[in-house]
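> Take this structure, written in structure tokens, and hold onto it; I'll ask about it next.
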Amino acid sequence: MIADDPYAAVTPTRAMTLTSDDIVAGEEKPLLFRDPAIGGENLSPQLRWSEFPSGTKSFALTCYDPDAPTGTGFVHWAVANIPLEITELARGQGFDHRTMPKGSLTIPNDYRLRRYVGANPPPGSGRHRYVFIIHAVDVERLDIDPELTPVVLGFNLHFHTLARGVLSAWVDSDTGK
């Protein structure tokens, strides 16, 4: 099981590598990648992935806060159908679904926005992990309604994921760090 992988218990799979020039695994998420309400800029971090298995035909990406006080967590970003030749996203590329790679599908997040939304844990809710997950997918296109939720994407990924890479950073709600 990959640490911080919310899919692992339901869909165990092999690991692949997900790295960032902007976020260090297991450390505090920099302010730049948080919500403007707490001094951030809502920029998505630079992300790069590798070591995916042969048979991979596309990728999906999610950013999830499993510590949100909802009982189900909170999805900050969900993108399907990232073409196979794309193995990196630039800083800020997730700010708008129109800046994502051609052919990809940004699903509305839990705010119902088609974009990355930065961290902003509610006061008093403790430390939150922000988990970026790249999925190696066995089909070029997941046939999902673009208006549906990240849960529907997760359901489809259950049947089509060959490998996953996880990168997690945190923000403390009480200190703003």
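Chain lettering (A, B, ...) mirrors the order of the structure tokens, residue numbering begins at 1 for each chain separately, and ligand numbering begins at 1 in order of display.
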Please return as a ChimeraX atom specification: the residues of chain A that backbone DSSP assigns to strand (DSSP E or B).
/A:14-15,17-19,28,34,47-50,58-65,74-83,88-89,105-106,119,127-137,161-172
> Using C-alpha atoms, can you write the selected residues to a file as a PDB file, in the first residue's frame?

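That gives us selection04.pdb:
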ATOM      1  CA  ARG A  14       1.852  -1.005  -8.254  1.00  0.00           C
ATOM      2  CA  ALA A  15       3.671   2.239  -7.518  1.00  0.00           C
ATOM      3  CA  THR A  17       6.933   7.967  -9.300  1.00  0.00           C
ATOM      4  CA  LEU A  18       5.391  11.413  -8.811  1.00  0.00           C
ATOM      5  CA  THR A  19       7.711  14.330  -8.024  1.00  0.00           C
ATOM      6  CA  GLU A  28       4.644  21.830   4.514  1.00  0.00           C
ATOM      7  CA  ARG A  34      -2.787  27.690  -1.140  1.00  0.00           C
ATOM      8  CA  LEU A  47       4.346  17.885 -11.195  1.00  0.00           C
ATOM      9  CA  ARG A  48       6.318  15.202 -13.065  1.00  0.00           C
ATOM     10  CA  TRP A  49       5.692  11.451 -13.275  1.00  0.00           C
ATOM     11  CA  SER A  50       7.625   8.441 -14.467  1.00  0.00           C
ATOM     12  CA  SER A  58      -3.304   7.912 -20.555  1.00  0.00           C
ATOM     13  CA  PHE A  59      -3.095   9.466 -17.097  1.00  0.00           C
ATOM     14  CA  ALA A  60      -5.481  10.898 -14.522  1.00  0.00           C
ATOM     15  CA  LEU A  61      -4.536  13.288 -11.739  1.00  0.00           C
ATOM     16  CA  THR A  62      -6.254  14.086  -8.466  1.00  0.00           C
ATOM     17  CA  CYS A  63      -5.510  16.310  -5.482  1.00  0.00           C
ATOM     18  CA  TYR A  64      -7.340  15.246  -2.354  1.00  0.00           C
ATOM     19  CA  ASP A  65      -7.523  16.408   1.282  1.00  0.00           C
ATOM     20  CA  PHE A  74     -12.309  17.108  -0.188  1.00  0.00           C
ATOM     21  CA  VAL A  75     -11.142  16.961  -3.826  1.00  0.00           C
ATOM     22  CA  HIS A  76      -9.219  20.061  -4.925  1.00  0.00           C
ATOM     23  CA  TRP A  77      -8.446  18.920  -8.471  1.00  0.00           C
ATOM     24  CA  ALA A  78      -9.434  16.066 -10.776  1.00  0.00           C
ATOM     25  CA  VAL A  79      -8.216  15.580 -14.346  1.00  0.00           C
ATOM     26  CA  ALA A  80      -8.787  12.589 -16.638  1.00  0.00           C
ATOM     27  CA  ASN A  81      -7.586  11.647 -20.110  1.00  0.00           C
ATOM     28  CA  ILE A  82      -4.161  13.282 -19.917  1.00  0.00           C
ATOM     29  CA  PRO A  83      -2.436  12.063 -23.091  1.00  0.00           C
ATOM     30  CA  GLU A  88       4.758  16.830 -16.603  1.00  0.00           C
ATOM     31  CA  LEU A  89       2.546  19.781 -15.774  1.00  0.00           C
ATOM     32  CA  LEU A 105     -10.764  16.509 -19.106  1.00  0.00           C
ATOM     33  CA  THR A 106     -10.865  18.546 -15.902  1.00  0.00           C
ATOM     34  CA  ALA A 119      -5.416  24.542   0.405  1.00  0.00           C
ATOM     35  CA  ARG A 127      -3.163  19.420  10.104  1.00  0.00           C
ATOM     36  CA  HIS A 128      -4.414  18.524   6.644  1.00  0.00           C
ATOM     37  CA  ARG A 129      -2.613  16.418   4.057  1.00  0.00           C
ATOM     38  CA  TYR A 130      -2.923  17.453   0.422  1.00  0.00           C
ATOM     39  CA  VAL A 131      -2.381  14.317  -1.623  1.00  0.00           C
ATOM     40  CA  PHE A 132      -1.540  14.554  -5.326  1.00  0.00           C
ATOM     41  CA  ILE A 133      -2.059  11.242  -7.120  1.00  0.00           C
ATOM     42  CA  ILE A 134      -1.156  10.356 -10.693  1.00  0.00           C
ATOM     43  CA  HIS A 135      -2.868   7.302 -12.152  1.00  0.00           C
ATOM     44  CA  ALA A 136      -1.531   5.295 -15.103  1.00  0.00           C
ATOM     45  CA  VAL A 137      -4.694   4.373 -17.027  1.00  0.00           C
ATOM     46  CA  THR A 161      -5.652   1.998 -13.088  1.00  0.00           C
ATOM     47  CA  LEU A 162      -2.390   0.139 -13.760  1.00  0.00           C
ATOM     48  CA  ALA A 163      -0.198   2.090 -11.291  1.00  0.00           C
ATOM     49  CA  ARG A 164      -0.289   5.168  -9.051  1.00  0.00           C
ATOM     50  CA  GLY A 165       2.205   7.712  -7.793  1.00  0.00           C
ATOM     51  CA  VAL A 166       1.539   9.734  -4.642  1.00  0.00           C
ATOM     52  CA  LEU A 167       2.971  13.029  -3.388  1.00  0.00           C
ATOM     53  CA  SER A 168       1.654  14.480  -0.140  1.00  0.00           C
ATOM     54  CA  ALA A 169       2.307  17.775   1.674  1.00  0.00           C
ATOM     55  CA  TRP A 170       0.503  19.365   4.602  1.00  0.00           C
ATOM     56  CA  VAL A 171      -0.984  22.611   5.913  1.00  0.00           C
ATOM     57  CA  ASP A 172      -1.855  23.263   9.569  1.00  0.00           C
TER      58      ASP A 172
END
> Can you tell me which residues surround stretch 37-46 of chain A at a distance of at most 9 Å, considering only C-alpha atoms, apart from same-chain residues fewer than 6 positions away, and format the answer as a list in words?
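Once the adjacent positions are removed, what remains is Thr19, Ser20, Asp21, Asp22, Ile23, Pro30, Leu31, Glu88, Leu89, Ala90, Arg91, Gly92, Gln93, Gly94, Phe95, Arg115, Tyr116, Val117, Gly118, Ala119, Asn120 and Gly176 of chain A.
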> Of the residues A:Ala25, A:Leu142, A:Pro53, A:Pro122, which is the one nearest to A:His158, using only C-alpha atoms?
A:Leu142
